[in-house]
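A.B. asks: Dumping the structure here so I can ask a few things about it.
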Amino acid sequence: MFGNKVLKGVLLVALGASSYGMLATFVKLAYSDVSSQGLHYTPAEVIVAQFVIGIFVVLLLNFFQKNRKKNQVVKASATDIKKLMLVGTSTGLTSIFYYLAVKYIPVSIGIVLLMQTVWMGVLLEAILEKKSPSKIKLFSVFIVLIGTLLATNVIANTVTLDWRGIVLGLLAAASFTTTMFAANKVALSISSLQRSLYMLLGGIVVVFIFAFLTQKTPFNFDIFYRWGILIALFGTIIPPILLNSGFPHTGIGLGSIVASLELPVSVTMAYFLLHEEVLFIQWFGILLILTAIVIMNLNFKKK
């Protein structure tokens, strides 16, 4: 059915999306851990550790790529760097909003809110391109909204959700939508490693400002080796490399469908490691959201 390159791309995208899916559970576990100072780790400490380690590793990878390929690597212009760093601020905001959200709501709910990028992306595309979305896209958005109501169990009202977590989760989705839309249009002529580096540098500016404003206790530097390495690997290093390597082989349509694995992986991790209760109606809602993503992207592929 698929060629070897496509299968390779599917595997890479699946692994990258699954890595992202594990991230929120690790963040939640970091929050529950106690530092050497006897205090729980803060969102500022977790996010700073992730970005600092991520930048260090991606910088090393860029160095090795430059030396291995020598003159084959296109160097980013000053304009490219400025644009990528600007886009990177939304990457930093996504981490801030999402990591704050899972402090107030379960991971299984947080990832569902993050997946609202599906309809937010359709809305942003319609506004920027001044063109009404197709009927298939509108139908897919409707399915996503119904699936969200079921996945968050709002209808049954058996789960009391903190409004702060809901707002922060939606803000994370909005900033992530901006990141995805802009990242696919900015500085495409340079290597993915360079693009990742400058976006992280833009993101860490926002992260440092956030840490300065919110960190009320002395910074626990043991976060770097206790949880920072793990969170950086699954949030900043592995997923971008795998997704950037896999998408050229799968194409946007098939790649987006495979990347939606992030949703069930995240919920499954939360169920087994955090022991979060996930009801049948929530699984059904998640299935509806995945179905909407498939419908939307299969239609896109045919165009």
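Every chain in the structure tokens takes a letter, A first, then B, and so on in the order presented; its residues are numbered from 1, and the ligands are numbered from 1 following the presented order.
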Give me the residues within 12 Å of Lys28 (chain A) as a ChimeraX atom specification, counting only C-alpha atoms and dropping any in the same chain fewer than 3 places off.

C.D. replies: /A:22-25,31-33,40-43,46,98-108,110,227,231,266,269-270,273-276

A.B. asks: Taking a cut-off of 7 Å and counting only C-alpha atoms, can you build a table that, for each residue of region 4-120 of chain A near region 139-152 of chain A, reports the nearest atom pair and how far apart they are in Å (one decimal), sorted by chain then residue number, as a Markdown table?

C.D. replies:
```
| residue | atom | partner | partner_atom | distance |
| --- | --- | --- | --- | --- |
| A:Ile109 | CA | A:Thr152 | CA | 5.7 |
| A:Val112 | CA | A:Thr148 | CA | 6.6 |
| A:Trp119 | CA | A:Val141 | CA | 5.3 |
```

A.B. asks: Near Leu200 (chain A), within 7 Å and counting only C-alpha atoms, which residues show up once chain neighbours fewer than 4 positions away are dropped, as a PyMOL selection string?

C.D. replies: chain A and resi 51+55+88+196+204

A.B. asks: Create the file for the chosen residues now, containing N, CA and C atoms and written as a PDB file, in the first residue's frame.

C.D. replies:
```pdb
ATOM      1  N   PHE A  51      13.781  24.236  28.328  1.00  0.00           N
ATOM      2  CA  PHE A  51      14.284  25.072  27.246  1.00  0.00           C
ATOM      3  C   PHE A  51      15.811  25.198  27.259  1.00  0.00           C
ATOM      4  N   ILE A  55      17.930  23.833  24.157  1.00  0.00           N
ATOM      5  CA  ILE A  55      18.771  24.721  23.352  1.00  0.00           C
ATOM      6  C   ILE A  55      20.202  24.202  23.297  1.00  0.00           C
ATOM      7  N   GLY A  88       9.030  31.737  17.656  1.00  0.00           N
ATOM      8  CA  GLY A  88       9.398  30.960  18.837  1.00  0.00           C
ATOM      9  C   GLY A  88       8.773  31.453  20.120  1.00  0.00           C
ATOM     10  N   SER A 196      14.690  25.044  14.439  1.00  0.00           N
ATOM     11  CA  SER A 196      14.361  24.652  15.813  1.00  0.00           C
ATOM     12  C   SER A 196      15.156  25.483  16.815  1.00  0.00           C
ATOM     13  N   ILE A 204      12.683  30.974  24.713  1.00  0.00           N
ATOM     14  CA  ILE A 204      13.283  31.060  26.052  1.00  0.00           C
ATOM     15  C   ILE A 204      13.253  32.491  26.588  1.00  0.00           C
TER      16      ILE A 204
END
```

A.B. asks: What's around Ser90 (chain A) at 7 Å? Count only C-alpha atoms, leave out sequence neighbours fewer than 2 positions away in its own chain, and write the answer as a PyMOL selection string.

C.D. replies: chain A and resi 87-88+92-94+175-176+178-179+203

A.B. asks: Could you name the residues that touch Gln194 (chain A) at 12 Å or less, counting only C-alpha atoms, but leaving out those on the same chain fewer than 2 positions away, as an MDAnalysis selection string?

C.D. replies: chainID A and resid 55 58:66 73:77 80:81 84:85 186:192 196:201 240:241 244

A.B. asks: Could you write out the selected residues, including C-alpha atoms, as a PDB file, in the first residue's frame?

C.D. replies:
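selection31.pdb was written with the following content:
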```pdb
ATOM      1  CA  ILE A  55      18.771  24.721  23.352  1.00  0.00           C
ATOM      2  CA  VAL A  58      20.005  21.479  19.524  1.00  0.00           C
ATOM      3  CA  LEU A  59      23.006  23.843  19.432  1.00  0.00           C
ATOM      4  CA  LEU A  60      25.339  20.836  19.569  1.00  0.00           C
ATOM      5  CA  LEU A  61      23.373  19.083  16.818  1.00  0.00           C
ATOM      6  CA  ASN A  62      23.638  22.196  14.645  1.00  0.00           C
ATOM      7  CA  PHE A  63      27.399  22.297  15.243  1.00  0.00           C
ATOM      8  CA  PHE A  64      27.854  18.661  14.212  1.00  0.00           C
ATOM      9  CA  GLN A  65      25.603  19.101  11.164  1.00  0.00           C
ATOM     10  CA  LYS A  66      27.562  22.158  10.040  1.00  0.00           C
ATOM     11  CA  VAL A  73      24.100  23.850   4.988  1.00  0.00           C
ATOM     12  CA  VAL A  74      22.314  27.093   4.052  1.00  0.00           C
ATOM     13  CA  LYS A  75      23.042  29.724   6.672  1.00  0.00           C
ATOM     14  CA  ALA A  76      20.086  31.601   8.166  1.00  0.00           C
ATOM     15  CA  SER A  77      19.916  35.298   7.306  1.00  0.00           C
ATOM     16  CA  ASP A  80      15.201  34.548   9.007  1.00  0.00           C
ATOM     17  CA  ILE A  81      16.549  34.605  12.556  1.00  0.00           C
ATOM     18  CA  LEU A  84      11.955  32.465  13.669  1.00  0.00           C
ATOM     19  CA  MET A  85      12.608  33.968  17.086  1.00  0.00           C
ATOM     20  CA  VAL A 186       8.879  30.966   7.831  1.00  0.00           C
ATOM     21  CA  ALA A 187      12.487  30.362   6.697  1.00  0.00           C
ATOM     22  CA  LEU A 188      11.776  27.067   4.928  1.00  0.00           C
ATOM     23  CA  SER A 189      15.068  27.250   2.975  1.00  0.00           C
ATOM     24  CA  ILE A 190      17.267  26.553   6.015  1.00  0.00           C
ATOM     25  CA  SER A 191      17.698  23.270   7.896  1.00  0.00           C
ATOM     26  CA  SER A 192      15.117  22.109  10.418  1.00  0.00           C
ATOM     27  CA  SER A 196      14.361  24.652  15.813  1.00  0.00           C
ATOM     28  CA  LEU A 197      17.313  26.449  17.439  1.00  0.00           C
ATOM     29  CA  TYR A 198      16.147  29.984  16.650  1.00  0.00           C
ATOM     30  CA  MET A 199      12.561  29.198  17.603  1.00  0.00           C
ATOM     31  CA  LEU A 200      13.785  27.869  20.964  1.00  0.00           C
ATOM     32  CA  LEU A 201      15.894  31.012  21.452  1.00  0.00           C
ATOM     33  CA  PRO A 240      10.841  18.105  16.403  1.00  0.00           C
ATOM     34  CA  ILE A 241      13.651  16.003  14.923  1.00  0.00           C
ATOM     35  CA  ASN A 244      10.668  17.212  10.678  1.00  0.00           C
TER      36      ASN A 244
END
```

A.B. asks: Considering only C-alpha atoms, can you say which of A:Leu242, A:Val48, A:Ile209, A:Leu114 comes closest to Ser19 (chain A)?

C.D. replies: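 Once distances to Ser19 (chain A) are computed over only C-alpha atoms, the minimum belongs to A:Leu242.
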
A.B. asks: Can you pull out the residues contacting region 126-138 of chain A? Cut-off 12 Å, using only C-alpha atoms, and skip same-chain residues under 3 positions away; I want them as a list in words.

C.D. replies: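 So, after excluding close chain neighbours, the residues are Val118, Trp119, Met120, Gly121, Val122, Leu123, Val141, Phe142, Ile143, Val144, Leu145, Thr178, Phe181, Ala182, Ala292, Ile293, Val294, Ile295, Met296, Asn297, Leu298, Asn299, Phe300 and Lys303 of chain A.
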